[in-house]
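These notes concern the structure reproduced below.
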Amino acid sequence: MVDELVLLLHALLMRHRALSIENSQLMEQLRLLVCERATLLRQVRPPSCPVPFPETFNGESSRLPEFIVQTASYMLVNENRFCNDAMKVAFLISLLTGEAEEWVVPYIEMDSPILSDYRAFLDEMKQCFGWDDDGEVDGDDEEEDDY
């Protein structure tokens, strides 16, 4: 019985050693593949975007039309990255700073449906930051209470 256990233990140790060697070889192959992938990715350059990356928006009303045009243009030429409204809204949110960033926090905290509706999100921004329906920016900085 003891001899059988010794033989079994020896067989397990040999199998463990073989698996450890195989594991090391696989890890080396994986390392080589990762390096090769990195080399290939450096060689493949995505086409340059004809539209520059949009500037951030801090809530300054006079900059809202420019911000919306910049982000819409960027999303249009990169439409494969912005395949749905939630992605578009998330992109806009990522560019908000200051007062505009503070404005969006409650929507995020309550997981508002507006976060998945690009047009509604733009309408809320326009209403909050002073863009009239005809596309002109309000001259005064007063906020309306009916939004």
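Labeling convention for the structure tokens: chains A, B, ... as they appear, residues from 1 per chain, ligands from 1 in order of appearance.
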
DSSP alpha helix (DSSP H) residues within chain A, as a ChimeraX atom specification: /A:2-43,64-77,85-94,98-109,118-129

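The residue set within 9 Å of Thr71 of chain A, counting only C-alpha atoms and dropping same-chain residues fewer than 2 places from it, reads Phe53, Pro54, Glu55, Glu66, Phe67, Ile68, Val69, Ser73, Tyr74, Met75, Leu76, Lys88, Phe91 and Leu92 of chain A.
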
Those of chain A in DSSP strand (DSSP E or B), formatted as a list in words: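 Secondary structure check on chain A, strand (DSSP E or B): Phe57, Leu96, Trp131 and Val137 of chain A.
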